[in-house]
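Enquirer: Here you go, one structure.
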Amino acid sequence: MARSKGEINRAGGLLRGWHADTDLGGKDLSDLDDAYRALAEFRAGFSYPLTKVAMGLRSMVSCESDSVRVGQRLKREPQIINKLVRQPGMLLARMEDIGGCRAVLPSPAAMTGVENRIRKRWEVLRYRDYVEDPKASGYRAVHLVTERDGKRIEVQLRTEGQQDWADAVESFAARYKLPLKDESGPDPVLEFFRIAGEGIYCDEYLLPLPDDFGSRYREAERAVEDWIQSVD
């Protein structure tokens, strides 16, 4: 029998509590296994709806580009729990990015074309334009949330430059074990990637670079090189 949203949210709250407090002394652990089972069952329920959204997205991308780069993923259980801990007000049953798919487009025009097709064919429940309003980390993309079979699925649209930036951040974060995806880390590293993202954005969208861009980039590059030398 499928669990109710209330049961899912209670399991999420229990997992949040356990992982937010590493001191488990004196706590009753009898419900922990069931909370993990509830999370696993809830997560698995996104698999088929996600596949259906990804198939539709591939079709729309093929209408805008000769190159179809569409991927899909279910958020891993540790990532789900970490998000619950980072966002205490988040209810597990309302988390919108457990199932996600991403399309990488060759140009801003192609990305806009796919976005327009999505809006015509699917109901968009939530929209975030991180291109015009990037995250503090410098991250840029368009995020849309739709629903399939009662499950909310996040769709990310990125240009090739935005994907290259994200790949570089992920690679750097993995090498130095930094939480850059959470917009956290050493200031020189964060500043360097913010400025690099700005440069990529101007290049892809055919915008003039700010007058001080060159000097800011060189300064940030030197600062991150100094940081690397200090930890290597």
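Residue names in the structure tokens use chain letters A, B, ... in the order shown, residue numbers from 1 in each chain, and ligand numbers from 1 in the order shown.
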Do you have, as a tab-separated table, the list of residues of range 201-228 of chain A lying at most 12 Å from range 151-173 of chain A, each with its nearest atom pair and that distance in Å to one decimal, counting only C-alpha atoms and ordered by chain then number?
Expert:
```
residue	atom	partner	partner_atom	distance
A:Tyr201	CA	A:Gly161	CA	7.6
A:Cys202	CA	A:Gly161	CA	10.4
A:Asp203	CA	A:Gly161	CA	8.9
A:Glu204	CA	A:Gly161	CA	7.2
A:Tyr205	CA	A:Thr159	CA	10.2
A:Val224	CA	A:Phe172	CA	11.3
A:Ile228	CA	A:Phe172	CA	10.5
```
Enquirer: Could you save those same residues with C-alpha atoms as an mmCIF file, in the first residue's frame?
Expert:
```cif
data_model
loop_
_atom_site.group_PDB
_atom_site.id
_atom_site.type_symbol
_atom_site.label_atom_id
_atom_site.label_comp_id
_atom_site.auth_asym_id
_atom_site.auth_seq_id
_atom_site.Cartn_x
_atom_site.Cartn_y
_atom_site.Cartn_z
ATOM 1 C CA TYR A 201 27.272 34.483 -20.321
ATOM 2 C CA CYS A 202 28.437 37.601 -22.171
ATOM 3 C CA ASP A 203 30.145 35.502 -24.846
ATOM 4 C CA GLU A 204 27.165 33.249 -25.541
ATOM 5 C CA TYR A 205 24.564 36.010 -25.414
ATOM 6 C CA VAL A 224 42.515 31.080 -6.829
ATOM 7 C CA ILE A 228 45.476 26.094 -4.796
#
```
Enquirer: Taking only C-alpha atoms into account, produce a table as JSON lines in which each residue of range 68-142 of chain A with an atom at most 10 Å from an atom of range 174-183 of chain A appears once, together with its shortest atom pair and the distance in Å to one decimal, ordered by chain and rising number.
Expert:
```
{"residue": "A:Lys83", "atom": "CA", "partner": "A:Asp182", "partner_atom": "CA", "distance": 9.5}
{"residue": "A:Arg86", "atom": "CA", "partner": "A:Asp182", "partner_atom": "CA", "distance": 9.3}
{"residue": "A:Lys135", "atom": "CA", "partner": "A:Glu183", "partner_atom": "CA", "distance": 8.3}
{"residue": "A:Ala136", "atom": "CA", "partner": "A:Glu183", "partner_atom": "CA", "distance": 7.0}
{"residue": "A:Ser137", "atom": "CA", "partner": "A:Glu183", "partner_atom": "CA", "distance": 5.4}
{"residue": "A:Gly138", "atom": "CA", "partner": "A:Glu183", "partner_atom": "CA", "distance": 9.1}
{"residue": "A:Tyr139", "atom": "CA", "partner": "A:Glu183", "partner_atom": "CA", "distance": 9.2}
```
Enquirer: Which polymer residues have any atom within 12 Å of an atom of range 16-18 of chain A, counting only C-alpha atoms, with same-chain residues fewer than 3 positions away left out, as a ChimeraX atom specification?
Expert: /A:9-13,21-25,27-29,31-33,35-36,39,77-92
Enquirer: I need the residues of range 6-182 of chain A that end up classed as strand (DSSP E) by DSSP on the backbone, written out as JSON, numbers by chain.
Expert: {"A": [69, 70, 71, 72, 73, 74, 99, 100, 101, 102, 103, 104, 105, 126, 127, 128, 129, 142, 143, 144, 145, 146, 147, 148, 151, 152, 153, 154, 155, 156, 157, 158, 159]}
Enquirer: Store the residues picked out above in a file with C-alpha atoms, as a compact mmCIF listing (two decimals), in the first residue's frame.
Expert:
```txt
# COMPACT_ATOMS: atom_id res chain seq x y z
CA ARG A 69 21.88 15.95 -25.25
CA VAL A 70 19.28 14.98 -22.67
CA GLY A 71 20.02 13.17 -19.44
CA GLN A 72 17.93 12.09 -16.47
CA ARG A 73 18.65 11.19 -12.86
CA LEU A 74 16.99 10.38 -9.58
CA GLY A 99 13.39 13.35 -10.39
CA GLY A 100 15.22 15.61 -12.81
CA CYS A 101 16.23 15.76 -16.44
CA ARG A 102 18.53 18.14 -18.26
CA ALA A 103 18.93 19.28 -21.84
CA VAL A 104 22.09 20.96 -23.11
CA LEU A 105 21.43 23.21 -26.10
CA ARG A 126 7.36 26.53 -11.16
CA TYR A 127 9.87 28.53 -13.21
CA ARG A 128 13.28 29.86 -12.29
CA ASP A 129 15.37 31.92 -14.69
CA VAL A 142 16.57 27.72 -16.74
CA HIS A 143 14.64 25.43 -14.39
CA LEU A 144 11.03 24.40 -14.93
CA VAL A 145 8.95 22.05 -12.78
CA THR A 146 6.18 20.00 -14.35
CA GLU A 147 4.14 17.06 -13.09
CA ARG A 148 3.64 13.58 -14.45
CA LYS A 151 5.10 13.37 -9.34
CA ARG A 152 6.84 16.71 -9.74
CA ILE A 153 9.79 16.55 -12.13
CA GLU A 154 12.38 19.27 -12.60
CA VAL A 155 13.60 20.12 -16.10
CA GLN A 156 16.88 22.00 -16.50
CA LEU A 157 17.82 23.76 -19.73
CA ARG A 158 21.43 24.84 -20.23
CA THR A 159 23.55 26.16 -23.05
```
Enquirer: For Ser230 in chain A, please output as a PyMOL selection string all residues within 12 Å (counting only C-alpha atoms; exclusion window: fewer than 4 positions along the same chain).
Expert: chain A and resi 176+186+188+223-226
Enquirer: For range 58-64 of chain A, work out the shell of residues within 7 Å, counting only C-alpha atoms and skipping chain neighbours fewer than 2 positions away, then give it as a PyMOL selection string.
Expert: chain A and resi 54-56+66+68+70+110+113-114+117
Enquirer: Could those selected residues go to a file with C-alpha atoms, as a tab-separated table (two decimals), in the first residue's frame?
Expert:
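Writing done, so here's part_10.tsv:
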```tsv
chain	number	residue	atom	x	y	z
A	54	ALA	CA	12.71	12.83	-20.42
A	55	MET	CA	11.29	11.15	-23.54
A	56	GLY	CA	9.08	14.17	-24.22
A	66	ASP	CA	20.59	18.40	-34.49
A	68	VAL	CA	20.17	15.85	-28.64
A	70	VAL	CA	19.28	14.98	-22.67
A	110	ALA	CA	17.71	26.86	-29.14
A	113	GLY	CA	12.87	27.40	-28.43
A	114	VAL	CA	12.75	24.33	-26.19
A	117	ARG	CA	7.71	24.15	-26.63
```
Enquirer: Taking the DSSP assignment computed from this structure's backbone, write out as number ranges by chain all residues of range 25-142 of chain A that belong to alpha helix (DSSP H).
Expert: A: 32-44, 47-64, 77-86, 108-121
Enquirer: Between A:Glu123, A:Asp34, A:Glu219, A:Asp232, which residue has the minimum interatomic distance to Glu191 in chain A, considering only C-alpha atoms?
Expert: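 The closest residue to Glu191 in chain A is A:Glu219.
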